[in-house]
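Before any comments, here is the structure.
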4 protein chains.
Amino acid sequence: MIIVMKSAATADDIQYVIKKINDLGLQAHLSTGVERTIIGVVGDERLINKDQLSLLPRVENVIPILKPYKLANRDFHPADSIINVDGVPVGGKAIVVMAGPCTVENEDQLIQSAEIVKKAGVKILRGGAYKPRTSPYTFQGMGEQGLKILAKAKQQTGLRIVTEVMDAAEADLVAEYSDLLQVGARNMQNTKLLRALSKIRKPILLKRGFAATLSEFLMSAEYLLSGGNDQVILCERGIRTFVEYTRNTLDLNIVPAIKQLSHLPIIVDPSHGTGRYDFIIPMSRAAIAAGADGLIVEMHPNPEEAISDGEQSLKPEKLVQLMSEIGLIAKAVDRTIL
Amino acid sequence: MIIVMKSAATADDIQYVIKKINDLGLQAHLSTGVERTIIGVVGDERLINKDQLSLLPRVENVIPILKPYKLANRDFHPADSIINVDGVPVGGKAIVVMAGPCTVENEDQLIQSAEIVKKAGVKILRGGAYKPRTSPYTFQGMGEQGLKILAKAKQQTGLRIVTEVMDAAEADLVAEYSDLLQVGARNMQNTKLLRALSKIRKPILLKRGFAATLSEFLMSAEYLLSGGNDQVILCERGIRTFVEYTRNTLDLNIVPAIKQLSHLPIIVDPSHGTGRYDFIIPMSRAAIAAGADGLIVEMHPNPEEAISDGEQSLKPEKLVQLMSEIGLIAKAVDRTIL
Amino acid sequence: MIIVMKSAATADDIQYVIKKINDLGLQAHLSTGVERTIIGVVGDERLINKDQLSLLPRVENVIPILKPYKLANRDFHPADSIINVDGVPVGGKAIVVMAGPCTVENEDQLIQSAEIVKKAGVKILRGGAYKPRTSPYTFQGMGEQGLKILAKAKQQTGLRIVTEVMDAAEADLVAEYSDLLQVGARNMQNTKLLRALSKIRKPILLKRGFAATLSEFLMSAEYLLSGGNDQVILCERGIRTFVEYTRNTLDLNIVPAIKQLSHLPIIVDPSHGTGRYDFIIPMSRAAIAAGADGLIVEMHPNPEEAISDGEQSLKPEKLVQLMSEIGLIAKAVDRTIL
Amino acid sequence: MIIVMKSAATADDIQYVIKKINDLGLQAHLSTGVERTIIGVVGDERLINKDQLSLLPRVENVIPILKPYKLANRDFHPADSIINVDGVPVGGKAIVVMAGPCTVENEDQLIQSAEIVKKAGVKILRGGAYKPRTSPYTFQGMGEQGLKILAKAKQQTGLRIVTEVMDAAEADLVAEYSDLLQVGARNMQNTKLLRALSKIRKPILLKRGFAATLSEFLMSAEYLLSGGNDQVILCERGIRTFVEYTRNTLDLNIVPAIKQLSHLPIIVDPSHGTGRYDFIIPMSRAAIAAGADGLIVEMHPNPEEAISDGEQSLKPEKLVQLMSEIGLIAKAVDRTIL
C-alpha cells in the first residue's frame with residue numbers, strides 16, 4: 001500500500017500517518033519526492049481498512065499494491081485447476097461444451113433436448129428450474145419438479161446436469177439433483193448464496209455479473225474458495241455497455257486476463273453474451289480461439305416455441321454445426337473437444 | 001407491439017405472422033411501406049413472448065410499444081404515492097433525510113450516531129446489520145445483534161430505522177426490528193428476496209442496481225407491488241461508468257424521469273453516488289434541486305475509525321451543514337425539510 | 001511514480017530498474033515489502049514515458065503519482081480563474097446563462113431568438129453556423145453566412161456570441177465573428193484544432209467528450225493553456241452510458257471534482273445532458289445547486305419547426321421559467337445570476 | 001417510422017399528426033390499439049426530422065424503422081466489398097495483416113521495422129507521422145518528414161503504407177505518401193476530415209470511435225461513401241467501458257454484426273483493443289475466428305525504447321508467432337493469410 005501525501009503536507013502530517021501505520025502493526029517507508037512525499041506500507045495490506053489511512057489529514061490518495069484475492073490468485077497456485085463435474089474435467093486440455101434450453105418447460109421438451117445435445121457430442125446438459133426473470137409476470141421456472149426432470153434426463157442419457165440456484169435456502173435441494181450449480185450473473189454478489197454454496201460438495205459455475213470488474217469477479221470466487229469449496233468454474237457472459245446491436249458486449253479480453261491472474265478455468269456463454277442466435281457460432285469460435293476452457297450455449301428443439309430466450313437459442317442443426325466448427329478451432333489452438 | 005418485416009418478406013411470410021398473432025388471441029394490423037411492411041399488434045402485448053414473433057421467418061425486428069410495468073406506472077396511478085414509514089411520510093411536499101453509519105459496529109457507536117443525527121434534525125436512522133461486502137475477509141455485519149441495537153436506538157431517540165435485508169429467509173426477522181427495509185443495489189434483481197418482501201407489512205427502500213436501466217428498476221418495484229406490498233421508495237445511488245474520479249456516477253437524470261413515469265417516491269444516496277465525503281453536500285443540494293423526495297447519507301461519529309465506507313461518510317458537523325444547505329434548496333423548490 | 005515488482009523479481013531485476021531510472025536522470029527509492037518490492041521514482045515523472053519502465057523484466061505495474069496536467073491544476077494556481085467574454089465574466093460569483101437555438105437557420109429565426117433570450121435576461125447567445133452532424137444527409141450549417149447573422153444579432157442586441165468551430169482552418173474566421181469559441185464534444189481531442197485555438201485571442205468553451213475521463217478533459221484544456229490561451233471555460237454535457245431514457249447521462253459529480261482539481265470555471269449543458277426538453281429545468285437547477293458557474297441551454301422560438309435538436313430545446317416561455325427557478329437556487333447557494 | 005400516441009390523445013390530436021405527415025409529403029396509416037393509438041408513416045423516413053413529429057401534442061414516442069445508412073447498408077449492396085490497397089485486396093477470402101510501430105521515430109527505426117514485418121509475411125506497414133496524443137507535452141509525430149520515411153520504406157520493401165491523417169488540410173499531403181489513410185478513433189466524427197477524405201482517390205481505414213455505436217460508425221462511413229469514396233475499410237479497436245484490466249474492451253460482437261448489416265470489410269486492432277502486448281496474440285486469434293478480414297497490430301523492434309504504445313507493441317519474434325497462430329485459425333475458418 002502506497003500513501004501519497006498532498007503537496008501541502010507538513011512534517012507533522014507525515015509523522016501522524018507513520019504513527020497510524022505503526023499502530024496497525026505495520027511498518028512505514030518514507031520516500032520524499034520533489035512535489036509529493038509518498039509512504040510505503042510494509043506488511044499484509046489486505047488486513048487494513050484503506051479508509052482509515054485515506055482520511056488522515058493531508059493524505060491525497062492511498063493506492064493498494066496487492067491483489068485483494070488470495071486463493072483465486074495464480075501467484076499462490078501456479079498450476080491450472082481442473083474441476084471435476086461428476087467425472088467430466090473442466091479446465092484441462094479438452095474443451096467442454098454445456099448446452100440445453102434456457103428453461104425446463106416440461107419433460108418432453110427436456111428429454112428431447114437432452115437427446116439432441118447428446119447426439120451433437122455435448123457432455124453437460126443445461127436447463128433452468130429456477131429462473132431469475134426481470135418481470136414478475138413471466139414464467140419463473142418449474143422449481144423442484146424441473147430439477148426432477150433434469151435428474152431423469154441424466155439417468156436416461158448419462159449427461160451431467162448444470163442448473164441455476166438462486167437462493168441460499170435452496171442450495172442443498174439443487175445440489176441433490178445436479179452436478180454443477182450455476183450462480184447467475186444477477187447473484188454474483190449475493191454473498192448469502194455464495195456462503196451457502198461454499199459448504200456444498202458440488203462444483204460451482206460462477207457467472208460474471210454484467211457490470212462486475214475482474215477483481216469483483218474473483219472476489220466472489222474467493223467467497224467460495226475461502227468457505228471451503230475449491231471447485232469453481234468461472235463464466236464470462238457479456239457486460240453491459242452503451243452498445244445497441246447486442247444484448248450484452250461479450251468481453252473476451254477477460255479470458256487471457258483470467259488465465260494470467262488466476263488458476264481457475266473460464267468458460268464463455270455466447271448466448272447471453274450476444275443475445276442473438278445468429279452470432280453464437282462466430283463468437284463461440286472466437287471464445288475458443290481466445291483460450292476459453294469451454295462454452296455454455298442455449299439450444300432449444302424449437303426456438304420459436306421457447307418460453308424464454310428463444311432469440312438467443314440455437315436450433316438443433318446449428319448445435320451440430322457449432323460442434324464441428326469449434327472442433328477445427330480447438331485443433332488450431334492445440335486443444336481437443338471433450 | 002410492432003413487427004417490422006425484412007425487405008425480402010413475401011406475402012406468405014406476412015400471412016404467417018398474422019396467423020401467429022391471431023393464434024395468440026390478438027389482432028394484426030397491416031401497414032405496407034415503400035421499403036418495409038410493418039404489422040401492428042392490437043391487444044395486451046405484455047402477455048406475449050416477444051421471441052415467439054421475432055423468430056418467425058423474415059421478421060426483422062419486434063418493437064414493444066407499452067411499458068412492461070403496470071402497477072408502478074403513473075399512467076394507471078396519476079397521483080404521487082406517499083409512503084408511511086411508521087408515521088414519517090416519504091413522497092409528499094416535505095423532504096426526508098435518512099442518515100447514520102454504514103455499519104452498526106457496536107452499541108456505543110450506534111447510539112452516539114443516533115443522537116448526532118437526531119440533533120441535526122434527521123428523522124430516520126440508517127445502519128447496516130447485514131453487510132454485502134465485496135471481500136469475504138472483511139466484516140460482514142453484526143447480524144441480529146445489530147438489529148437489536150438499532151431497535152434500542154429507536155427506543156431511546158424516536159428515530160425510525162432503515163436497515164438492509166439480504167436474504168429471503170431473514171425478511172421477517174429484519175422486519176421485526178426495523179421500520180423500512182432496504183434492498184441493496186446488488187440485490188435489486190434478487191427475485192426470491194423481492195417476493196419475500198412483497199409479503200411483509202413494512203415499507204421497502206429499493207436501491208437501483210449499479211447497472212440497472214430505469215425499466216429494470218421499475219420492474220423490480222413491480223415484483224413488490226404485484227406481490228401485495230405497495231409501500232415502495234426508490235433510491236438512486238449511482239451507476240457504473242468509465243468515470244475514474246468517483247466511485248459511481250450519480251445519475252440525477254433519473255429523478256425527473258421517475259417523476260414522469262411512476263408515482264413512487266425517489267430519494268438519492270450521495271454517499272454511494274460519489275464515494276467521496278467532500279462531494280456529498282454539493283450533490284445533496286443537486287439531488288433536492290432535481291426534485292428528489294429525500295436523501296440517505298452516511299454519517300459516522302469518527303469516519304477515520306469506521307469499519308467501512310469511512311471515505312464516503314460525513315463528520316457530525318458536516319451533517320449539520322448539509323441539513324442547513326438543503327433547507328435553503330428545499331425552500332427554493334417550494335418544499336420543506338421534514 | 002511507483003514501480004511495483006513481480007513477486008518473482010530478483011535482486012538483479014531490481015538493480016536493472018534502478019539503473020534505468022538513473023539513466024533517465026531521476027532517483028530511485030527502494031521499499032522492500034513482504035510480498036512485493038516497490039521502487040519510488042523521485043523527480044518530475046511527467047517527463048518519463050511510463051512504458052519504458054513497465055516493460056522492464058519482472059515489473060508488474062507502474063503507478064503515476066502526479067496529475068498529468070499542470071497549468072489546469074489548482075495546485076499551481078489556487079485562485080479561481082475568471083474568464084472574460086467581451087466584458088461578461090464567467091467563473092465569478094455571478095452565474096452566466098448562454099441560450100439560443102442549436103442551429104442558425106436564417107436571419108429571422110436568429111434575430112427573433114436573440115430578442116427572446118435577451119428579454120429573458122440571458123447575456124450570451126448561442127447558435128451553430130458549423131454543425132457536426134451524425135448523418136451526411138442532414139443540414140450541416142450555414143457556414144460563414146451564419147456567422148454574419150450571429151454578428152448582426154450582437155449588433156442589434158448587445159448579446160455576446162458563442163458558436164462552434166470545427167476545423168483548425170476556420171479558427172480565425174469564427175474568432176472574427178464571435179466572442180466565445182466552442183469546441184464540441186466530438187472535437188475535444190482534435191489536437192490540431194486545439195493547437196490552432198491556443199493561438200487565438202478569444203476565450204474557448206471546451207465541451208467534454210462524451211466518453212472523456214476528467215483527466216483527458218483537463219489535458220485537452222492543457223493543450224489550450226500550454227499553447228498560450230488561458231481563457232478556457234469547461235462544459236459538462238453528459239456522458240455515454242448504458243442508460244436508455246436520456247440521450248446522455250449528465251455527470252454532475254464532475255462539477256465538485258473540477259472545482260477541487262482545477263481553477264477553470266465549469267458550466268453545464270442540460271440540453272445535451274438529457275436530450276429532453278422537459279428535463280432541462282430540473283437539471284439546470286441541479287447543476288447550479290452542485291456548484292456550476294453557468295449553463296448553456298438550447299431555446300427555439302418554435303421547437304416543432306427546428307432543423308435540429310428540437311426535442312431538447314426550450315420554448316420561449318420555458319426559458320423565462322428557467323431563469324426564474326435558477327435565480328432562486330443561485331440565491332440558496334449564495335450566488336447571483338448575471 | 002412509427003408514431004406512438006399517449007393514452008390521453010384525442011381524435012383531434014391524432015388528426016393533427018396525420019395532417020403534419022401529409023404536409024411532409026408522406027402517408028399516414030392508423031392502428032388503434034387497446035391502450036395506445038399508433039400511426040405508421042409510409043414513405044422515405046430518412047427525409048424527415050424526427051423531432052418535428054415527436055414534439056406534436058400528445059405524441060409519446062417516434063420510432064424509426066429504416067436504418068439511417070444507405071450506401072453502407074448490405075440491403076442495397078448484397079455482395080462483400082473488396083478494397084484495393086495498391087494491389088492488396090482487403091475483404092476477400094485472404095486475411096490481411098498490417099503491422100509496424102505506433103510512431104515513426106526516425107529512419108533507422110522505421111526501416112528496421114519494415115524489414116521485420118516484411119520477413120514475418122505482413123503486407124502493409126503501419127507507422128504514425130501525425131500522432132493524436134492526449135498530452136500536449138508528449139511527442140506529436142514527425143509530420144511530413146515521417147511521411148517521407150514511410151515512402152522510403154515502401155520503396156525499399158514493397159510494403160504498402162497505412163498512416164493516420166488528422167486534419168482536412170493535410171489530406172492531400174498524406175495521400176501523396178501513403179496507400180491507405182487512417183482516420184483515428186478520436187476523429188471518427190470529425191466531419192470536416194471525412195468530407196475531405198471522401199474526395200481523395202485512396203482507400204480509407206476508418207477506426208471506430210471508442211464510444212461509437214454501430215449506427216454512428218456506419219454513418220461516418222456514409223460520409224465517405226456519399227462524398228464519392230467507396231474504398232472504406234472499417235476497424236474495431238476497443239470501446240470504453242468500466243473494465244479495469246484492459247485499456248479498452250475489444251468488442252468482437254461487432255464483427256458478425258457488421259458482416260450482417262454492411263458490405264464493407266472489417267479488421268481488428270488488438271493492440272488498442274487490449275492495451276497489453278501479452279493479450280495481442282490470443283485476441284488476434286479470436287478476431288480471425290469471429291470473422292474479421294484482417295488485423296492491424298503494433299510491433300516495435302524494441303518496445304522498451306518506443307516513444308509511445310510500447311506496452312501494447314509486439315516484439316519481432318512475437319509477430320512471427322502471431323502470423324503462425326492466425327494462419328492455423330484462418331485455415332480453421334476456411335480462409336487464408338495474404
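Labeling convention for the C-alpha cells: chains A, B, ... as they appear, residues from 1 per chain, ligands from 1 in order of appearance.
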Would you give me, as JSON lines, each residue of chain D having an atom within 7 Å of an atom of chain B, along with its shortest atom pair and that distance in Å to one decimal, using only C-alpha atoms and sorting by chain and residue number?
```
{"residue": "D:His29", "atom": "CA", "partner": "B:Ser31", "partner_atom": "CA", "distance": 6.5}
{"residue": "D:Ser31", "atom": "CA", "partner": "B:His29", "partner_atom": "CA", "distance": 6.5}
{"residue": "D:Gly33", "atom": "CA", "partner": "B:Val42", "partner_atom": "CA", "distance": 4.8}
{"residue": "D:Val34", "atom": "CA", "partner": "B:Gly43", "partner_atom": "CA", "distance": 5.8}
{"residue": "D:Gly40", "atom": "CA", "partner": "B:Ser31", "partner_atom": "CA", "distance": 6.9}
{"residue": "D:Val42", "atom": "CA", "partner": "B:Gly33", "partner_atom": "CA", "distance": 4.8}
{"residue": "D:Gly43", "atom": "CA", "partner": "B:Val34", "partner_atom": "CA", "distance": 5.8}
{"residue": "D:Arg240", "atom": "CA", "partner": "B:Phe242", "partner_atom": "CA", "distance": 6.7}
{"residue": "D:Thr241", "atom": "CA", "partner": "B:Phe242", "partner_atom": "CA", "distance": 5.2}
{"residue": "D:Phe242", "atom": "CA", "partner": "B:Phe242", "partner_atom": "CA", "distance": 4.4}
```
Extract, using only C-alpha atoms, all DNA, RNA and protein residues at most 10 Å from C:Asn302, discarding same-chain residues fewer than 2 positions from it, and format them as a compact mmCIF listing (two decimals) with N, CA and C atoms, in the first residue's frame.
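In the end it all went to selection_19.txt:
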```txt
# COMPACT_ATOMS: atom_id res chain seq x y z
N PRO C 101 -30.73 28.94 -30.22
CA PRO C 101 -31.06 27.73 -30.98
C PRO C 101 -29.84 26.86 -31.24
N GLN C 109 -35.15 33.79 -37.82
CA GLN C 109 -35.17 32.87 -36.68
C GLN C 109 -34.15 33.29 -35.65
N SER C 113 -34.82 34.81 -31.93
CA SER C 113 -34.25 34.08 -30.79
C SER C 113 -33.47 35.02 -29.89
N MET C 299 -32.70 26.89 -26.89
CA MET C 299 -34.03 27.51 -26.90
C MET C 299 -34.37 27.78 -28.35
N HIS C 300 -35.58 27.50 -28.74
CA HIS C 300 -36.00 27.77 -30.13
C HIS C 300 -37.36 28.46 -30.08
N GLU C 304 -40.95 22.76 -32.62
CA GLU C 304 -41.51 21.83 -33.62
C GLU C 304 -40.96 22.06 -35.01
N GLU C 305 -40.55 23.30 -35.26
CA GLU C 305 -40.07 23.63 -36.60
C GLU C 305 -38.54 23.65 -36.67
N ALA C 306 -37.86 23.36 -35.57
CA ALA C 306 -36.40 23.44 -35.55
C ALA C 306 -35.78 22.44 -36.52
N GLY C 310 -34.73 19.94 -31.80
CA GLY C 310 -36.00 20.44 -31.28
C GLY C 310 -36.40 19.73 -29.99
N SER C 313 -34.88 21.41 -26.93
CA SER C 313 -34.91 22.87 -26.88
C SER C 313 -36.10 23.35 -26.05
N LEU C 314 -35.86 24.41 -25.28
CA LEU C 314 -36.94 25.03 -24.53
C LEU C 314 -37.78 25.92 -25.44
N LYS C 315 -39.04 26.03 -25.12
CA LYS C 315 -39.87 27.08 -25.72
C LYS C 315 -39.54 28.39 -25.02
N PRO C 316 -39.84 29.54 -25.67
CA PRO C 316 -39.52 30.84 -25.05
C PRO C 316 -40.04 30.98 -23.62
```
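On the backbone of this structure, DSSP gives strand (DSSP E) within stretch 186-274 of chain A to Ile204, Leu205, Leu206, Lys207, Val232, Ile233, Leu234, Cys235, Glu236, Ile266, Ile267 and Val268 of chain A.
Among the candidate residues A:Pro57, A:Pro282, A:Gly91, A:Gly227, the one lying nearest to A:Ala79 is A:Gly91, with distances computed using only C-alpha atoms.
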Find the residues around D:Lys152 up to 12 Å (only C-alpha atoms counted), leave out those fewer than 6 positions away in its own chain, and share them as a ChimeraX atom specification. /D:106-108,110-112,114,125,145-146,158-161,177-178
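Taking only C-alpha atoms into account, B:Phe76 lies nearest to B:His263 out of the set B:His263, B:Glu105, B:Gly209, B:Val268.
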Hey, what's within 8 Å of stretch 199-201 of chain A if we count only C-alpha atoms and toss same-chain stuff fewer than 4 positions away? As a list in words, please? Ala171, Asp172, Ala175, Arg195, Gly227, Gly228 and Asn229 of chain A
Can you write just those residues out, N, CA and C atoms, as a PDB file, in the first residue's frame?
```
ATOM      1  N   ALA A 171     -29.981 -24.301  -1.747  1.00  0.00           N
ATOM      2  CA  ALA A 171     -28.696 -24.844  -2.197  1.00  0.00           C
ATOM      3  C   ALA A 171     -28.642 -26.373  -2.077  1.00  0.00           C
ATOM      4  N   ASP A 172     -29.081 -26.892  -0.951  1.00  0.00           N
ATOM      5  CA  ASP A 172     -28.997 -28.347  -0.767  1.00  0.00           C
ATOM      6  C   ASP A 172     -29.897 -29.091  -1.749  1.00  0.00           C
ATOM      7  N   ALA A 175     -28.395 -29.045  -5.176  1.00  0.00           N
ATOM      8  CA  ALA A 175     -27.194 -29.891  -5.199  1.00  0.00           C
ATOM      9  C   ALA A 175     -27.564 -31.369  -5.306  1.00  0.00           C
ATOM     10  N   ARG A 195     -21.904 -17.989   0.355  1.00  0.00           N
ATOM     11  CA  ARG A 195     -21.515 -18.670   1.585  1.00  0.00           C
ATOM     12  C   ARG A 195     -22.163 -20.049   1.694  1.00  0.00           C
ATOM     13  N   GLY A 227     -14.527 -20.339   1.776  1.00  0.00           N
ATOM     14  CA  GLY A 227     -15.512 -21.059   2.587  1.00  0.00           C
ATOM     15  C   GLY A 227     -15.325 -22.565   2.535  1.00  0.00           C
ATOM     16  N   GLY A 228     -14.452 -23.026   1.627  1.00  0.00           N
ATOM     17  CA  GLY A 228     -14.139 -24.455   1.617  1.00  0.00           C
ATOM     18  C   GLY A 228     -14.458 -25.180   0.327  1.00  0.00           C
ATOM     19  N   ASN A 229     -15.010 -24.496  -0.654  1.00  0.00           N
ATOM     20  CA  ASN A 229     -15.319 -25.162  -1.917  1.00  0.00           C
ATOM     21  C   ASN A 229     -14.341 -24.684  -2.992  1.00  0.00           C
TER      22      ASN A 229
END
```
Close residues, B:Leu250 itself excluded, 7 Å, only C-alpha atoms, min 5 positions apart in chain, as a compact mmCIF listing (two decimals) with all heavy atoms, in the first residue's frame:
```
# COMPACT_ATOMS: atom_id res chain seq x y z
N ARG B 237 -28.50 5.57 -6.50
CA ARG B 237 -27.25 5.53 -5.71
C ARG B 237 -26.02 5.49 -6.58
O ARG B 237 -24.96 5.09 -6.14
CB ARG B 237 -27.28 4.39 -4.70
CG ARG B 237 -27.75 3.08 -5.20
CD ARG B 237 -26.76 2.36 -6.03
NE ARG B 237 -25.71 1.81 -5.21
CZ ARG B 237 -24.47 1.63 -5.64
NH1 ARG B 237 -24.15 1.94 -6.91
NH2 ARG B 237 -23.55 1.12 -4.87
N GLY B 238 -26.18 5.92 -7.83
CA GLY B 238 -25.02 5.95 -8.72
C GLY B 238 -24.95 4.70 -9.57
O GLY B 238 -25.31 3.61 -9.14
N ILE B 239 -24.46 4.90 -10.79
CA ILE B 239 -24.31 3.79 -11.73
C ILE B 239 -22.83 3.64 -12.07
O ILE B 239 -22.02 4.53 -11.84
CB ILE B 239 -25.13 4.02 -13.02
CG1 ILE B 239 -24.74 5.35 -13.70
CG2 ILE B 239 -26.60 3.97 -12.72
CD1 ILE B 239 -25.37 5.54 -15.07
N GLY B 273 -23.23 7.40 -4.36
CA GLY B 273 -23.27 8.01 -5.69
C GLY B 273 -22.01 8.78 -6.04
O GLY B 273 -21.79 9.13 -7.20
N THR B 274 -21.19 9.06 -5.03
CA THR B 274 -19.92 9.76 -5.29
C THR B 274 -18.74 8.98 -4.71
O THR B 274 -17.66 9.00 -5.27
CB THR B 274 -19.91 11.18 -4.67
OG1 THR B 274 -19.93 11.07 -3.24
CG2 THR B 274 -21.09 12.00 -5.14
N ASP C 251 -23.37 14.08 -15.92
CA ASP C 251 -22.49 13.68 -14.81
C ASP C 251 -22.18 14.90 -13.94
O ASP C 251 -21.12 15.52 -14.06
CB ASP C 251 -21.21 13.08 -15.41
CG ASP C 251 -20.19 12.74 -14.33
OD1 ASP C 251 -20.58 12.60 -13.15
OD2 ASP C 251 -19.00 12.61 -14.67
N ASN C 253 -21.42 15.01 -10.89
CA ASN C 253 -20.28 14.78 -9.99
C ASN C 253 -19.03 15.52 -10.46
O ASN C 253 -18.16 15.86 -9.67
CB ASN C 253 -19.91 13.28 -9.94
CG ASN C 253 -20.79 12.47 -9.00
OD1 ASN C 253 -21.55 13.02 -8.21
ND2 ASN C 253 -20.68 11.15 -9.08
```
Within 12 Å of C:Tyr16, counting only C-alpha atoms, which residues qualify if same-chain residues fewer than 3 places away don't, as an NGL selection string? :C and (5 or 9-13 or 19-23 or 28 or 39 or 53 or 55-59)
Just the residues within 10 Å of C:Ile296, please, counting only C-alpha atoms, with nothing from its chain fewer than 4 positions along; format it as a PyMOL selection string. chain C and resi 96-100+124-126+162+235-237+267-272+284
Output the selection as a PDB file, in the first residue's frame - N, CA, C and O atoms for each residue.
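File out19.pdb, as written:
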```pdb
ATOM      1  N   VAL C  96     -23.662  32.594 -15.195  1.00  0.00           N
ATOM      2  CA  VAL C  96     -23.901  33.095 -16.547  1.00  0.00           C
ATOM      3  C   VAL C  96     -24.712  32.069 -17.338  1.00  0.00           C
ATOM      4  O   VAL C  96     -24.368  30.886 -17.346  1.00  0.00           O
ATOM      5  N   VAL C  97     -25.759  32.535 -17.995  1.00  0.00           N
ATOM      6  CA  VAL C  97     -26.559  31.638 -18.834  1.00  0.00           C
ATOM      7  C   VAL C  97     -26.337  31.991 -20.305  1.00  0.00           C
ATOM      8  O   VAL C  97     -26.360  33.151 -20.685  1.00  0.00           O
ATOM      9  N   MET C  98     -26.097  30.950 -21.094  1.00  0.00           N
ATOM     10  CA  MET C  98     -25.973  31.096 -22.547  1.00  0.00           C
ATOM     11  C   MET C  98     -27.167  30.342 -23.134  1.00  0.00           C
ATOM     12  O   MET C  98     -27.443  29.214 -22.726  1.00  0.00           O
ATOM     13  N   ALA C  99     -27.871  30.943 -24.083  1.00  0.00           N
ATOM     14  CA  ALA C  99     -29.049  30.280 -24.649  1.00  0.00           C
ATOM     15  C   ALA C  99     -29.242  30.697 -26.083  1.00  0.00           C
ATOM     16  O   ALA C  99     -28.748  31.741 -26.515  1.00  0.00           O
ATOM     17  N   GLY C 100     -29.967  29.867 -26.795  1.00  0.00           N
ATOM     18  CA  GLY C 100     -30.252  30.151 -28.197  1.00  0.00           C
ATOM     19  C   GLY C 100     -30.494  28.847 -28.931  1.00  0.00           C
ATOM     20  O   GLY C 100     -30.449  27.772 -28.341  1.00  0.00           O
ATOM     21  N   ILE C 124     -25.482  35.748 -23.077  1.00  0.00           N
ATOM     22  CA  ILE C 124     -24.707  35.221 -24.213  1.00  0.00           C
ATOM     23  C   ILE C 124     -25.627  34.387 -25.102  1.00  0.00           C
ATOM     24  O   ILE C 124     -26.345  33.508 -24.620  1.00  0.00           O
ATOM     25  N   LEU C 125     -25.588  34.691 -26.395  1.00  0.00           N
ATOM     26  CA  LEU C 125     -26.443  33.992 -27.376  1.00  0.00           C
ATOM     27  C   LEU C 125     -25.671  32.833 -27.997  1.00  0.00           C
ATOM     28  O   LEU C 125     -24.552  33.020 -28.470  1.00  0.00           O
ATOM     29  N   ARG C 126     -26.279  31.653 -28.032  1.00  0.00           N
ATOM     30  CA  ARG C 126     -25.640  30.546 -28.740  1.00  0.00           C
ATOM     31  C   ARG C 126     -26.352  30.324 -30.076  1.00  0.00           C
ATOM     32  O   ARG C 126     -27.535  30.670 -30.239  1.00  0.00           O
ATOM     33  N   VAL C 162     -21.637  32.965 -28.664  1.00  0.00           N
ATOM     34  CA  VAL C 162     -20.842  31.735 -28.600  1.00  0.00           C
ATOM     35  C   VAL C 162     -21.266  30.839 -29.752  1.00  0.00           C
ATOM     36  O   VAL C 162     -22.453  30.647 -30.001  1.00  0.00           O
ATOM     37  N   CYS C 235     -17.095  22.650 -20.008  1.00  0.00           N
ATOM     38  CA  CYS C 235     -18.543  22.392 -20.079  1.00  0.00           C
ATOM     39  C   CYS C 235     -18.853  20.907 -20.027  1.00  0.00           C
ATOM     40  O   CYS C 235     -18.435  20.154 -20.899  1.00  0.00           O
ATOM     41  N   GLU C 236     -19.618  20.523 -18.986  1.00  0.00           N
ATOM     42  CA  GLU C 236     -20.139  19.148 -18.898  1.00  0.00           C
ATOM     43  C   GLU C 236     -21.421  19.079 -19.699  1.00  0.00           C
ATOM     44  O   GLU C 236     -22.314  19.914 -19.532  1.00  0.00           O
ATOM     45  N   ARG C 237     -21.532  18.045 -20.568  1.00  0.00           N
ATOM     46  CA  ARG C 237     -22.718  17.948 -21.433  1.00  0.00           C
ATOM     47  C   ARG C 237     -23.253  16.528 -21.530  1.00  0.00           C
ATOM     48  O   ARG C 237     -23.960  16.191 -22.467  1.00  0.00           O
ATOM     49  N   ILE C 267     -19.284  25.080 -16.689  1.00  0.00           N
ATOM     50  CA  ILE C 267     -20.720  25.267 -16.880  1.00  0.00           C
ATOM     51  C   ILE C 267     -21.320  23.936 -17.327  1.00  0.00           C
ATOM     52  O   ILE C 267     -20.595  22.972 -17.580  1.00  0.00           O
ATOM     53  N   VAL C 268     -22.656  23.886 -17.403  1.00  0.00           N
ATOM     54  CA  VAL C 268     -23.355  22.632 -17.690  1.00  0.00           C
ATOM     55  C   VAL C 268     -24.338  22.838 -18.834  1.00  0.00           C
ATOM     56  O   VAL C 268     -24.987  23.887 -18.922  1.00  0.00           O
ATOM     57  N   ASP C 269     -24.436  21.837 -19.690  1.00  0.00           N
ATOM     58  CA  ASP C 269     -25.366  21.855 -20.826  1.00  0.00           C
ATOM     59  C   ASP C 269     -26.455  20.813 -20.581  1.00  0.00           C
ATOM     60  O   ASP C 269     -26.277  19.631 -20.898  1.00  0.00           O
ATOM     61  N   PRO C 270     -27.583  21.234 -20.003  1.00  0.00           N
ATOM     62  CA  PRO C 270     -28.632  20.252 -19.697  1.00  0.00           C
ATOM     63  C   PRO C 270     -29.416  19.827 -20.927  1.00  0.00           C
ATOM     64  O   PRO C 270     -30.151  18.839 -20.861  1.00  0.00           O
ATOM     65  N   SER C 271     -29.274  20.534 -22.060  1.00  0.00           N
ATOM     66  CA  SER C 271     -29.979  20.113 -23.282  1.00  0.00           C
ATOM     67  C   SER C 271     -29.367  18.819 -23.805  1.00  0.00           C
ATOM     68  O   SER C 271     -30.060  17.811 -23.978  1.00  0.00           O
ATOM     69  N   HIS C 272     -28.055  18.833 -24.043  1.00  0.00           N
ATOM     70  CA  HIS C 272     -27.405  17.600 -24.489  1.00  0.00           C
ATOM     71  C   HIS C 272     -27.308  16.585 -23.349  1.00  0.00           C
ATOM     72  O   HIS C 272     -27.305  15.379 -23.583  1.00  0.00           O
ATOM     73  N   SER C 284     -31.148  21.909 -14.755  1.00  0.00           N
ATOM     74  CA  SER C 284     -30.480  23.207 -14.637  1.00  0.00           C
ATOM     75  C   SER C 284     -30.417  23.609 -13.160  1.00  0.00           C
ATOM     76  O   SER C 284     -29.382  24.087 -12.677  1.00  0.00           O
TER      77      SER C 284
END
```
For D:Leu224, which residue out of D:Leu180, D:Ile204, D:Ala212, D:Val320 is the nearest one, using only C-alpha atoms? D:Ile204
